[in-house]
>>> print(open('query.pdb').read())   # PDB, C-alpha atoms
ATOM      1  CA  MET A  23      18.504  18.628   6.238  1.00  0.00           C
ATOM      2  CA  LYS A  24      17.007  15.199   6.892  1.00  0.00           C
ATOM      3  CA  ARG A  25      13.340  14.531   6.166  1.00  0.00           C
ATOM      4  CA  LYS A  26      12.289  14.701   9.841  1.00  0.00           C
ATOM      5  CA  GLU A  27      14.358  17.881  10.361  1.00  0.00           C
ATOM      6  CA  LYS A  28      12.647  19.501   7.360  1.00  0.00           C
ATOM      7  CA  ARG A  29       9.245  18.644   8.790  1.00  0.00           C
ATOM      8  CA  GLU A  30      10.148  20.071  12.200  1.00  0.00           C
ATOM      9  CA  HIS A  31      11.643  23.203  10.623  1.00  0.00           C
ATOM     10  CA  LEU A  32       8.535  23.683   8.505  1.00  0.00           C
ATOM     11  CA  ILE A  33       6.263  23.397  11.562  1.00  0.00           C
ATOM     12  CA  GLU A  34       8.396  25.881  13.503  1.00  0.00           C
ATOM     13  CA  VAL A  35       8.413  28.447  10.696  1.00  0.00           C
ATOM     14  CA  ALA A  36       4.687  28.009  10.080  1.00  0.00           C
ATOM     15  CA  ALA A  37       3.894  28.381  13.801  1.00  0.00           C
ATOM     16  CA  GLN A  38       5.790  31.665  13.954  1.00  0.00           C
ATOM     17  CA  LEU A  39       4.157  33.029  10.796  1.00  0.00           C
ATOM     18  CA  PHE A  40       0.650  31.955  11.772  1.00  0.00           C
ATOM     19  CA  ASN A  41       1.073  33.478  15.225  1.00  0.00           C
ATOM     20  CA  ARG A  42       2.375  36.770  13.847  1.00  0.00           C
ATOM     21  CA  GLN A  43       0.233  37.182  10.722  1.00  0.00           C
ATOM     22  CA  GLY A  44      -2.814  34.978  11.203  1.00  0.00           C
ATOM     23  CA  TYR A  45      -3.730  31.615   9.733  1.00  0.00           C
ATOM     24  CA  HIS A  46      -5.389  32.798   6.541  1.00  0.00           C
ATOM     25  CA  ALA A  47      -3.054  35.767   5.976  1.00  0.00           C
ATOM     26  CA  ALA A  48       0.109  33.662   6.127  1.00  0.00           C
ATOM     27  CA  GLY A  49      -0.148  31.865   2.806  1.00  0.00           C
ATOM     28  CA  ILE A  50       1.564  28.648   1.821  1.00  0.00           C
ATOM     29  CA  ASP A  51       3.917  30.492  -0.532  1.00  0.00           C
ATOM     30  CA  ARG A  52       5.085  32.680   2.364  1.00  0.00           C
ATOM     31  CA  VAL A  53       5.605  29.637   4.606  1.00  0.00           C
ATOM     32  CA  ILE A  54       7.605  27.909   1.854  1.00  0.00           C
ATOM     33  CA  ALA A  55       9.741  31.006   1.236  1.00  0.00           C
ATOM     34  CA  GLU A  56      10.434  31.561   4.958  1.00  0.00           C
ATOM     35  CA  ALA A  57      11.231  27.885   5.490  1.00  0.00           C
ATOM     36  CA  GLY A  58      13.477  27.765   2.425  1.00  0.00           C
ATOM     37  CA  ILE A  59      11.903  24.590   1.062  1.00  0.00           C
ATOM     38  CA  ALA A  60      10.167  23.504  -2.121  1.00  0.00           C
ATOM     39  CA  LYS A  61       6.388  23.297  -2.375  1.00  0.00           C
ATOM     40  CA  THR A  62       6.691  19.558  -3.042  1.00  0.00           C
ATOM     41  CA  THR A  63       8.524  19.173   0.268  1.00  0.00           C
ATOM     42  CA  LEU A  64       5.670  20.864   2.113  1.00  0.00           C
ATOM     43  CA  TYR A  65       3.065  18.638   0.466  1.00  0.00           C
ATOM     44  CA  ARG A  66       5.186  15.557   1.088  1.00  0.00           C
ATOM     45  CA  HIS A  67       4.746  16.234   4.816  1.00  0.00           C
ATOM     46  CA  PHE A  68       1.265  17.818   4.883  1.00  0.00           C
ATOM     47  CA  ALA A  69      -1.659  17.098   2.569  1.00  0.00           C
ATOM     48  CA  SER A  70      -3.144  20.565   3.131  1.00  0.00           C
ATOM     49  CA  LYS A  71      -2.581  23.923   4.778  1.00  0.00           C
ATOM     50  CA  GLU A  72      -5.063  22.916   7.473  1.00  0.00           C
ATOM     51  CA  GLU A  73      -2.955  19.854   8.270  1.00  0.00           C
ATOM     52  CA  LEU A  74       0.091  22.123   8.664  1.00  0.00           C
ATOM     53  CA  ILE A  75      -1.904  24.478  10.906  1.00  0.00           C
ATOM     54  CA  VAL A  76      -2.949  21.572  13.142  1.00  0.00           C
ATOM     55  CA  ALA A  77       0.690  20.468  13.435  1.00  0.00           C
ATOM     56  CA  ALA A  78       1.741  24.044  14.237  1.00  0.00           C
ATOM     57  CA  LEU A  79      -0.987  24.362  16.892  1.00  0.00           C
ATOM     58  CA  ARG A  80       0.144  21.089  18.484  1.00  0.00           C
ATOM     59  CA  ARG A  81       3.692  22.395  18.611  1.00  0.00           C
ATOM     60  CA  ILE A  82       2.600  25.742  20.072  1.00  0.00           C
ATOM     61  CA  ASP A  83       0.460  23.932  22.660  1.00  0.00           C
ATOM     62  CA  GLU A  84       3.222  21.560  23.763  1.00  0.00           C
ATOM     63  CA  GLU A  85       5.781  24.338  24.054  1.00  0.00           C
ATOM     64  CA  PHE A  86       3.397  26.754  25.777  1.00  0.00           C
ATOM     65  CA  ARG A  87       2.247  24.261  28.397  1.00  0.00           C
ATOM     66  CA  ALA A  88       5.810  23.047  29.057  1.00  0.00           C
ATOM     67  CA  ARG A  89       7.048  26.637  29.467  1.00  0.00           C
ATOM     68  CA  MET A  90       4.162  27.486  31.774  1.00  0.00           C
ATOM     69  CA  ARG A  91       4.654  24.376  33.920  1.00  0.00           C
ATOM     70  CA  ALA A  92       8.411  25.001  34.246  1.00  0.00           C
ATOM     71  CA  ALA A  93       7.930  28.695  35.091  1.00  0.00           C
ATOM     72  CA  VAL A  94       5.213  27.918  37.637  1.00  0.00           C
ATOM     73  CA  GLU A  95       7.309  25.231  39.320  1.00  0.00           C
ATOM     74  CA  ARG A  96      10.274  27.624  39.537  1.00  0.00           C
ATOM     75  CA  ARG A  97       8.154  30.357  41.116  1.00  0.00           C
ATOM     76  CA  ALA A  98       6.144  28.425  43.695  1.00  0.00           C
ATOM     77  CA  ARG A  99       6.508  25.252  45.696  1.00  0.00           C
ATOM     78  CA  ASP A 100       2.955  24.841  46.976  1.00  0.00           C
ATOM     79  CA  PRO A 101       0.043  24.051  44.619  1.00  0.00           C
ATOM     80  CA  ARG A 102      -2.021  27.099  45.685  1.00  0.00           C
ATOM     81  CA  GLY A 103       0.981  29.326  44.962  1.00  0.00           C
ATOM     82  CA  ARG A 104       1.399  27.561  41.639  1.00  0.00           C
ATOM     83  CA  LEU A 105      -2.160  28.427  40.635  1.00  0.00           C
ATOM     84  CA  LEU A 106      -1.305  32.078  41.255  1.00  0.00           C
ATOM     85  CA  ALA A 107       2.092  31.768  39.555  1.00  0.00           C
ATOM     86  CA  THR A 108       0.289  30.917  36.304  1.00  0.00           C
ATOM     87  CA  PHE A 109      -0.634  34.603  36.162  1.00  0.00           C
ATOM     88  CA  ASP A 110       3.018  35.607  36.633  1.00  0.00           C
ATOM     89  CA  PHE A 111       3.794  33.454  33.616  1.00  0.00           C
ATOM     90  CA  LEU A 112       1.103  35.311  31.674  1.00  0.00           C
ATOM     91  CA  GLU A 113       2.579  38.674  32.639  1.00  0.00           C
ATOM     92  CA  ASP A 114       5.981  37.584  31.319  1.00  0.00           C
ATOM     93  CA  TRP A 115       4.364  36.340  28.097  1.00  0.00           C
ATOM     94  CA  PHE A 116       2.441  39.587  27.628  1.00  0.00           C
ATOM     95  CA  GLY A 117       5.695  41.543  27.910  1.00  0.00           C
ATOM     96  CA  ASP A 118       7.395  39.436  25.233  1.00  0.00           C
ATOM     97  CA  ASP A 119       7.706  41.035  21.786  1.00  0.00           C
ATOM     98  CA  GLN A 120       6.372  37.758  20.314  1.00  0.00           C
ATOM     99  CA  PHE A 121       3.016  38.135  22.090  1.00  0.00           C
ATOM    100  CA  TYR A 122       0.290  38.522  19.460  1.00  0.00           C
ATOM    101  CA  GLY A 123      -2.627  37.325  21.551  1.00  0.00           C
ATOM    102  CA  CYS A 124      -3.773  33.757  21.922  1.00  0.00           C
ATOM    103  CA  PRO A 125      -2.890  31.704  18.831  1.00  0.00           C
ATOM    104  CA  PHE A 126      -5.661  29.232  19.702  1.00  0.00           C
ATOM    105  CA  VAL A 127      -8.397  31.857  19.898  1.00  0.00           C
ATOM    106  CA  SER A 128      -7.130  33.263  16.593  1.00  0.00           C
ATOM    107  CA  ALA A 129      -7.213  29.811  14.993  1.00  0.00           C
ATOM    108  CA  ALA A 130     -10.713  29.098  16.314  1.00  0.00           C
ATOM    109  CA  ALA A 131     -11.919  32.462  15.034  1.00  0.00           C
ATOM    110  CA  GLU A 132     -10.461  31.911  11.567  1.00  0.00           C
ATOM    111  CA  TYR A 133     -11.669  28.302  11.354  1.00  0.00           C
ATOM    112  CA  ALA A 134     -14.948  28.703  13.214  1.00  0.00           C
ATOM    113  CA  GLU A 135     -16.663  25.593  11.867  1.00  0.00           C
ATOM    114  CA  ARG A 136     -16.709  23.285  14.898  1.00  0.00           C
ATOM    115  CA  PRO A 137     -16.008  20.110  12.915  1.00  0.00           C
ATOM    116  CA  SER A 138     -12.854  21.750  11.506  1.00  0.00           C
ATOM    117  CA  ALA A 139      -9.647  20.002  12.602  1.00  0.00           C
ATOM    118  CA  VAL A 140      -8.129  23.443  13.276  1.00  0.00           C
ATOM    119  CA  PHE A 141     -11.023  24.448  15.550  1.00  0.00           C
ATOM    120  CA  GLN A 142     -10.842  21.090  17.339  1.00  0.00           C
ATOM    121  CA  GLU A 143      -7.091  21.475  17.943  1.00  0.00           C
ATOM    122  CA  ALA A 144      -7.641  24.947  19.400  1.00  0.00           C
ATOM    123  CA  ALA A 145     -10.377  23.583  21.658  1.00  0.00           C
ATOM    124  CA  MET A 146      -8.078  20.763  22.778  1.00  0.00           C
ATOM    125  CA  HIS A 147      -5.513  23.297  24.001  1.00  0.00           C
ATOM    126  CA  LYS A 148      -8.181  25.035  26.071  1.00  0.00           C
ATOM    127  CA  ARG A 149      -9.276  21.707  27.612  1.00  0.00           C
ATOM    128  CA  LEU A 150      -5.667  20.834  28.446  1.00  0.00           C
ATOM    129  CA  MET A 151      -5.172  24.191  30.163  1.00  0.00           C
ATOM    130  CA  ILE A 152      -8.274  23.648  32.298  1.00  0.00           C
ATOM    131  CA  ALA A 153      -7.006  20.151  33.154  1.00  0.00           C
ATOM    132  CA  TYR A 154      -3.702  21.658  34.335  1.00  0.00           C
ATOM    133  CA  PHE A 155      -5.506  24.207  36.523  1.00  0.00           C
ATOM    134  CA  GLU A 156      -7.680  21.402  37.904  1.00  0.00           C
ATOM    135  CA  GLU A 157      -4.567  19.346  38.658  1.00  0.00           C
ATOM    136  CA  LEU A 158      -3.160  22.265  40.658  1.00  0.00           C
ATOM    137  CA  ALA A 159      -6.485  22.847  42.439  1.00  0.00           C
ATOM    138  CA  CYS A 160      -6.682  19.140  43.382  1.00  0.00           C
ATOM    139  CA  ALA A 161      -3.094  19.169  44.641  1.00  0.00           C
ATOM    140  CA  ALA A 162      -3.951  22.234  46.754  1.00  0.00           C
ATOM    141  CA  GLY A 163      -6.854  20.327  48.311  1.00  0.00           C
ATOM    142  CA  LEU A 164      -9.364  22.934  47.149  1.00  0.00           C
ATOM    143  CA  PRO A 165     -13.033  21.987  47.185  1.00  0.00           C
ATOM    144  CA  ASP A 166     -14.644  21.654  43.770  1.00  0.00           C
ATOM    145  CA  PRO A 167     -11.368  21.755  41.813  1.00  0.00           C
ATOM    146  CA  ARG A 168     -13.166  21.702  38.457  1.00  0.00           C
ATOM    147  CA  ARG A 169     -15.060  24.899  39.299  1.00  0.00           C
ATOM    148  CA  ILE A 170     -11.845  26.535  40.507  1.00  0.00           C
ATOM    149  CA  ALA A 171     -10.085  25.444  37.301  1.00  0.00           C
ATOM    150  CA  ASP A 172     -12.890  26.857  35.157  1.00  0.00           C
ATOM    151  CA  GLU A 173     -12.776  30.178  37.011  1.00  0.00           C
ATOM    152  CA  ILE A 174      -8.969  30.410  36.863  1.00  0.00           C
ATOM    153  CA  ASN A 175      -9.202  29.661  33.145  1.00  0.00           C
ATOM    154  CA  LEU A 176     -11.782  32.397  32.666  1.00  0.00           C
ATOM    155  CA  LEU A 177      -9.461  34.875  34.393  1.00  0.00           C
ATOM    156  CA  HIS A 178      -6.599  33.735  32.127  1.00  0.00           C
ATOM    157  CA  GLU A 179      -8.695  34.103  28.980  1.00  0.00           C
ATOM    158  CA  GLY A 180      -9.869  37.562  30.000  1.00  0.00           C
ATOM    159  CA  ALA A 181      -6.343  38.708  30.827  1.00  0.00           C
ATOM    160  CA  ILE A 182      -5.044  37.413  27.481  1.00  0.00           C
ATOM    161  CA  ALA A 183      -7.778  39.220  25.557  1.00  0.00           C
ATOM    162  CA  VAL A 184      -7.252  42.500  27.440  1.00  0.00           C
ATOM    163  CA  ALA A 185      -3.461  42.339  27.059  1.00  0.00           C
ATOM    164  CA  HIS A 186      -3.763  41.600  23.351  1.00  0.00           C
ATOM    165  CA  VAL A 187      -6.237  44.366  22.565  1.00  0.00           C
ATOM    166  CA  THR A 188      -4.831  47.056  24.876  1.00  0.00           C
ATOM    167  CA  GLY A 189      -1.166  46.077  25.123  1.00  0.00           C
ATOM    168  CA  ASP A 190      -1.512  46.178  28.916  1.00  0.00           C
ATOM    169  CA  ALA A 191       0.642  43.445  30.496  1.00  0.00           C
ATOM    170  CA  GLY A 192      -0.774  44.559  33.870  1.00  0.00           C
ATOM    171  CA  ALA A 193      -3.951  42.644  32.997  1.00  0.00           C
ATOM    172  CA  ALA A 194      -2.187  39.540  34.301  1.00  0.00           C
ATOM    173  CA  ARG A 195      -1.566  41.187  37.701  1.00  0.00           C
ATOM    174  CA  ARG A 196      -5.184  42.252  37.990  1.00  0.00           C
ATOM    175  CA  ALA A 197      -6.374  38.761  37.045  1.00  0.00           C
ATOM    176  CA  ARG A 198      -3.957  37.333  39.638  1.00  0.00           C
ATOM    177  CA  SER A 199      -5.447  39.604  42.282  1.00  0.00           C
ATOM    178  CA  MET A 200      -8.925  38.349  41.372  1.00  0.00           C
ATOM    179  CA  ALA A 201      -7.650  34.752  41.603  1.00  0.00           C
ATOM    180  CA  GLU A 202      -6.258  35.475  45.085  1.00  0.00           C
ATOM    181  CA  GLY A 203      -9.743  36.584  46.078  1.00  0.00           C
ATOM    182  CA  LEU A 204     -11.234  33.451  44.558  1.00  0.00           C
ATOM    183  CA  LEU A 205      -8.802  31.190  46.408  1.00  0.00           C
ATOM    184  CA  SER A 206      -9.353  32.913  49.757  1.00  0.00           C
ATOM    185  CA  ALA A 207     -13.171  33.040  49.490  1.00  0.00           C
ATOM    186  CA  PRO A 208     -15.101  31.200  52.193  1.00  0.00           C
ATOM    187  CA  GLY A 209     -15.245  27.528  51.343  1.00  0.00           C
ATOM    188  CA  THR A 210     -11.961  27.541  49.419  1.00  0.00           C
ATOM    189  CA  ALA A 211      -9.517  28.854  52.028  1.00  0.00           C
TER
END
>>> encode(input="query.pdb", output="structure tokens")
Amino acid sequence: MKRKEKREHLIEVAAQLFNRQGYHAAGIDRVIAEAGIAKTTLYRHFASKEELIVAALRRIDEEFRARMRAAVERRARDPRGRLLATFDFLEDWFGDDQFYGCPFVSAAAEYAERPSAVFQEAAMHKRLMIAYFEELACAAGLPDPRRIADEINLLHEGAIAVAHVTGDAGAARRARSMAEGLLSAPGTA
């Protein structure tokens, strides 16, 4: 494996382990064993475990947002429909056997110090999600797109938490129904 391939493989393995086991619970030795690399190789690419976590969170973010955007665009042509289709994407994610809750909330909880690079990376994902919802709300011509984006995000976050704790993928459908009400409220219709 070439140097860049090793780095990418290491990030992929770490992302899966961190998502499944947690950021503190998945130790460096476990990451190294699962990736099939030497400890020196890991430290050649990342100065610390936190640096590896940040790289894994970036990867998870990029893949998550790309998957959501593609799924939303497949499901709906109009921007208002796309806002609602984000909840359909969530329902699919909740039904996946790789759903272990939000990896960004988990990271922020485990690295709760706000100046932490891990916490900051988790917060960046949340800001990027709100920006995407705002983009859709603007494209739909909705008044106060930032408020709509914040409220859609809150419904997403609640659905993710409920699905994670209860195992109920239907939380996405209920959140979607609430979003339909939000989008058809006087002043937004």
>>> resolve_selection(input="query.pdb", expression="the PyMOL selection byres ((chain A and resi 40) around 12)", output="MDAnalysis selection string")
chainID A and resid 32:39 41:50 52:53 56 71:72 74:79 82 120 122:126 128:129 132
>>> residues_around(input="query.pdb", residues="Phe121 in chain A", least_positions_apart="3", cutoff="12 Å", atoms="all atoms listed in the file", output="number ranges by chain")
A: 38, 41-43, 86, 112-118, 124-125, 182-183, 185-187, 189-191
>>> resolve_selection(input="query.pdb", expression="the PyMOL selection byres ((chain A and resi 99-101) around 10)", output="count of residues only")
20
>>> resolve_selection(input="query.pdb", expression="the PyMOL selection byres ((chain A and resi 177) around 12)", output="JSON, numbers by chain")
{"A": [105, 106, 108, 109, 112, 152, 155, 170, 171, 172, 173, 174, 175, 176, 178, 179, 180, 181, 182, 183, 184, 193, 194, 195, 196, 197, 198, 199, 200, 201, 202, 203, 204]}
>>> residues_around(input="query.pdb", residues="Glu73 in chain A", least_positions_apart="6", cutoff="10 Å", atoms="all atoms listed in the file", output="PyMOL selection string")
chain A and resi 65+67+79+139-140
>>> atom_distance(input="query.pdb", atom1="CA of Glu30 in chain A", atom2="CA of Ala57 in chain A")
10.4 Å
>>> atom_distance(input="query.pdb", atom1="CA of Glu27 in chain A", atom2="CA of Met146 in chain A")
25.8 Å
>>> closest_residue(input="query.pdb", among="A:Arg80, A:Phe141, A:Arg91, A:Lys26", to="Arg66 in chain A", atoms="only C-alpha atoms")
A:Lys26
>>> residues_around(input="query.pdb", residues="Thr63 in chain A", least_positions_apart="4", cutoff="9 Å", atoms="only C-alpha atoms", output="list in words")
Arg25, Lys28, Arg29, Ile54, Ile59, His67 and Phe68 of chain A
>>> atom_distance(input="query.pdb", atom1="CA of Glu143 in chain A", atom2="CA of Asp51 in chain A")
23.3 Å
>>> closest_residue(input="query.pdb", among="A:Ala134, A:Ala207, A:Lys24, A:His147", to="Arg87 in chain A", atoms="all atoms listed in the file")
A:His147
>>> axis_aligned_box(input="query.pdb", around="range 82-91 of chain A", padding_each_side="8 Å", output="JSON")
{"center_x": 3.8, "center_y": 24.5, "center_z": 27.0, "size_x": 22.6, "size_y": 21.9, "size_z": 29.8}
>>> decode(input="query.pdb", residues="range 153-165 of chain A", atoms="all heavy atoms", output="mmCIF file, in the first residue's frame")
data_model
loop_
_atom_site.group_PDB
_atom_site.id
_atom_site.type_symbol
_atom_site.label_atom_id
_atom_site.label_comp_id
_atom_site.auth_asym_id
_atom_site.auth_seq_id
_atom_site.Cartn_x
_atom_site.Cartn_y
_atom_site.Cartn_z
ATOM 1 N N ALA A 153 -26.181 25.089 7.321
ATOM 2 C CA ALA A 153 -25.958 25.825 6.067
ATOM 3 C C ALA A 153 -26.657 25.130 4.899
ATOM 4 O O ALA A 153 -27.234 25.800 4.028
ATOM 5 C CB ALA A 153 -24.461 25.968 5.800
ATOM 6 N N TYR A 154 -26.620 23.809 4.868
ATOM 7 C CA TYR A 154 -27.304 23.059 3.804
ATOM 8 C C TYR A 154 -28.817 23.268 3.896
ATOM 9 O O TYR A 154 -29.482 23.535 2.893
ATOM 10 C CB TYR A 154 -26.948 21.574 3.891
ATOM 11 C CG TYR A 154 -27.700 20.699 2.914
ATOM 12 C CD1 TYR A 154 -27.674 20.948 1.543
ATOM 13 C CD2 TYR A 154 -28.442 19.610 3.363
ATOM 14 C CE1 TYR A 154 -28.366 20.144 0.652
ATOM 15 C CE2 TYR A 154 -29.121 18.799 2.475
ATOM 16 C CZ TYR A 154 -29.092 19.069 1.129
ATOM 17 O OH TYR A 154 -29.782 18.265 0.245
ATOM 18 N N PHE A 155 -29.369 23.182 5.098
ATOM 19 C CA PHE A 155 -30.811 23.405 5.260
ATOM 20 C C PHE A 155 -31.172 24.839 4.870
ATOM 21 O O PHE A 155 -32.203 25.084 4.242
ATOM 22 C CB PHE A 155 -31.256 23.112 6.694
ATOM 23 C CG PHE A 155 -30.980 21.700 7.153
ATOM 24 C CD1 PHE A 155 -30.614 21.450 8.463
ATOM 25 C CD2 PHE A 155 -31.069 20.625 6.281
ATOM 26 C CE1 PHE A 155 -30.361 20.153 8.899
ATOM 27 C CE2 PHE A 155 -30.809 19.326 6.702
ATOM 28 C CZ PHE A 155 -30.455 19.088 8.012
ATOM 29 N N GLU A 156 -30.307 25.783 5.192
ATOM 30 C CA GLU A 156 -30.563 27.180 4.823
ATOM 31 C C GLU A 156 -30.503 27.351 3.306
ATOM 32 O O GLU A 156 -31.311 28.079 2.719
ATOM 33 C CB GLU A 156 -29.562 28.103 5.512
ATOM 34 C CG GLU A 156 -29.864 29.567 5.300
ATOM 35 C CD GLU A 156 -28.963 30.491 6.106
ATOM 36 O OE1 GLU A 156 -28.008 30.020 6.758
ATOM 37 O OE2 GLU A 156 -29.231 31.703 6.082
ATOM 38 N N GLU A 157 -29.587 26.679 2.671
ATOM 39 C CA GLU A 157 -29.488 26.699 1.203
ATOM 40 C C GLU A 157 -30.801 26.215 0.579
ATOM 41 O O GLU A 157 -31.323 26.832 -0.351
ATOM 42 C CB GLU A 157 -28.320 25.803 0.772
ATOM 43 C CG GLU A 157 -28.182 25.542 -0.697
ATOM 44 C CD GLU A 157 -27.164 24.435 -0.982
ATOM 45 O OE1 GLU A 157 -26.141 24.340 -0.263
ATOM 46 O OE2 GLU A 157 -27.399 23.656 -1.924
ATOM 47 N N LEU A 158 -31.332 25.114 1.109
ATOM 48 C CA LEU A 158 -32.596 24.586 0.592
ATOM 49 C C LEU A 158 -33.756 25.545 0.874
ATOM 50 O O LEU A 158 -34.628 25.747 0.019
ATOM 51 C CB LEU A 158 -32.885 23.204 1.186
ATOM 52 C CG LEU A 158 -31.941 22.080 0.768
ATOM 53 C CD1 LEU A 158 -32.265 20.795 1.517
ATOM 54 C CD2 LEU A 158 -31.990 21.856 -0.741
ATOM 55 N N ALA A 159 -33.765 26.140 2.062
ATOM 56 C CA ALA A 159 -34.838 27.080 2.416
ATOM 57 C C ALA A 159 -34.776 28.325 1.536
ATOM 58 O O ALA A 159 -35.827 28.830 1.094
ATOM 59 C CB ALA A 159 -34.740 27.460 3.896
ATOM 60 N N CYS A 160 -33.579 28.810 1.234
ATOM 61 C CA CYS A 160 -33.419 29.957 0.322
ATOM 62 C C CYS A 160 -33.916 29.597 -1.072
ATOM 63 O O CYS A 160 -34.654 30.362 -1.687
ATOM 64 C CB CYS A 160 -31.959 30.380 0.243
ATOM 65 S SG CYS A 160 -31.375 31.331 1.643
ATOM 66 N N ALA A 161 -33.496 28.429 -1.554
ATOM 67 C CA ALA A 161 -33.910 27.988 -2.894
ATOM 68 C C ALA A 161 -35.422 27.829 -2.981
ATOM 69 O O ALA A 161 -36.015 28.034 -4.045
ATOM 70 C CB ALA A 161 -33.209 26.679 -3.254
ATOM 71 N N ALA A 162 -36.067 27.498 -1.868
ATOM 72 C CA ALA A 162 -37.524 27.338 -1.842
ATOM 73 C C ALA A 162 -38.233 28.685 -1.712
ATOM 74 O O ALA A 162 -39.463 28.745 -1.766
ATOM 75 C CB ALA A 162 -37.929 26.421 -0.685
ATOM 76 N N GLY A 163 -37.467 29.759 -1.541
ATOM 77 C CA GLY A 163 -38.054 31.081 -1.407
ATOM 78 C C GLY A 163 -38.778 31.289 -0.089
ATOM 79 O O GLY A 163 -39.672 32.129 0.011
ATOM 80 N N LEU A 164 -38.388 30.535 0.936
ATOM 81 C CA LEU A 164 -39.043 30.653 2.238
ATOM 82 C C LEU A 164 -38.557 31.906 2.964
ATOM 83 O O LEU A 164 -37.382 32.246 2.893
ATOM 84 C CB LEU A 164 -38.766 29.414 3.092
ATOM 85 C CG LEU A 164 -39.312 28.101 2.534
ATOM 86 C CD1 LEU A 164 -38.774 26.917 3.313
ATOM 87 C CD2 LEU A 164 -40.835 28.117 2.560
ATOM 88 N N PRO A 165 -39.478 32.577 3.661
ATOM 89 C CA PRO A 165 -39.046 33.739 4.437
ATOM 90 C C PRO A 165 -38.212 33.283 5.635
ATOM 91 O O PRO A 165 -38.442 32.208 6.180
ATOM 92 C CB PRO A 165 -40.367 34.376 4.900
ATOM 93 C CG PRO A 165 -41.358 33.255 4.872
ATOM 94 C CD PRO A 165 -40.901 32.310 3.784
#
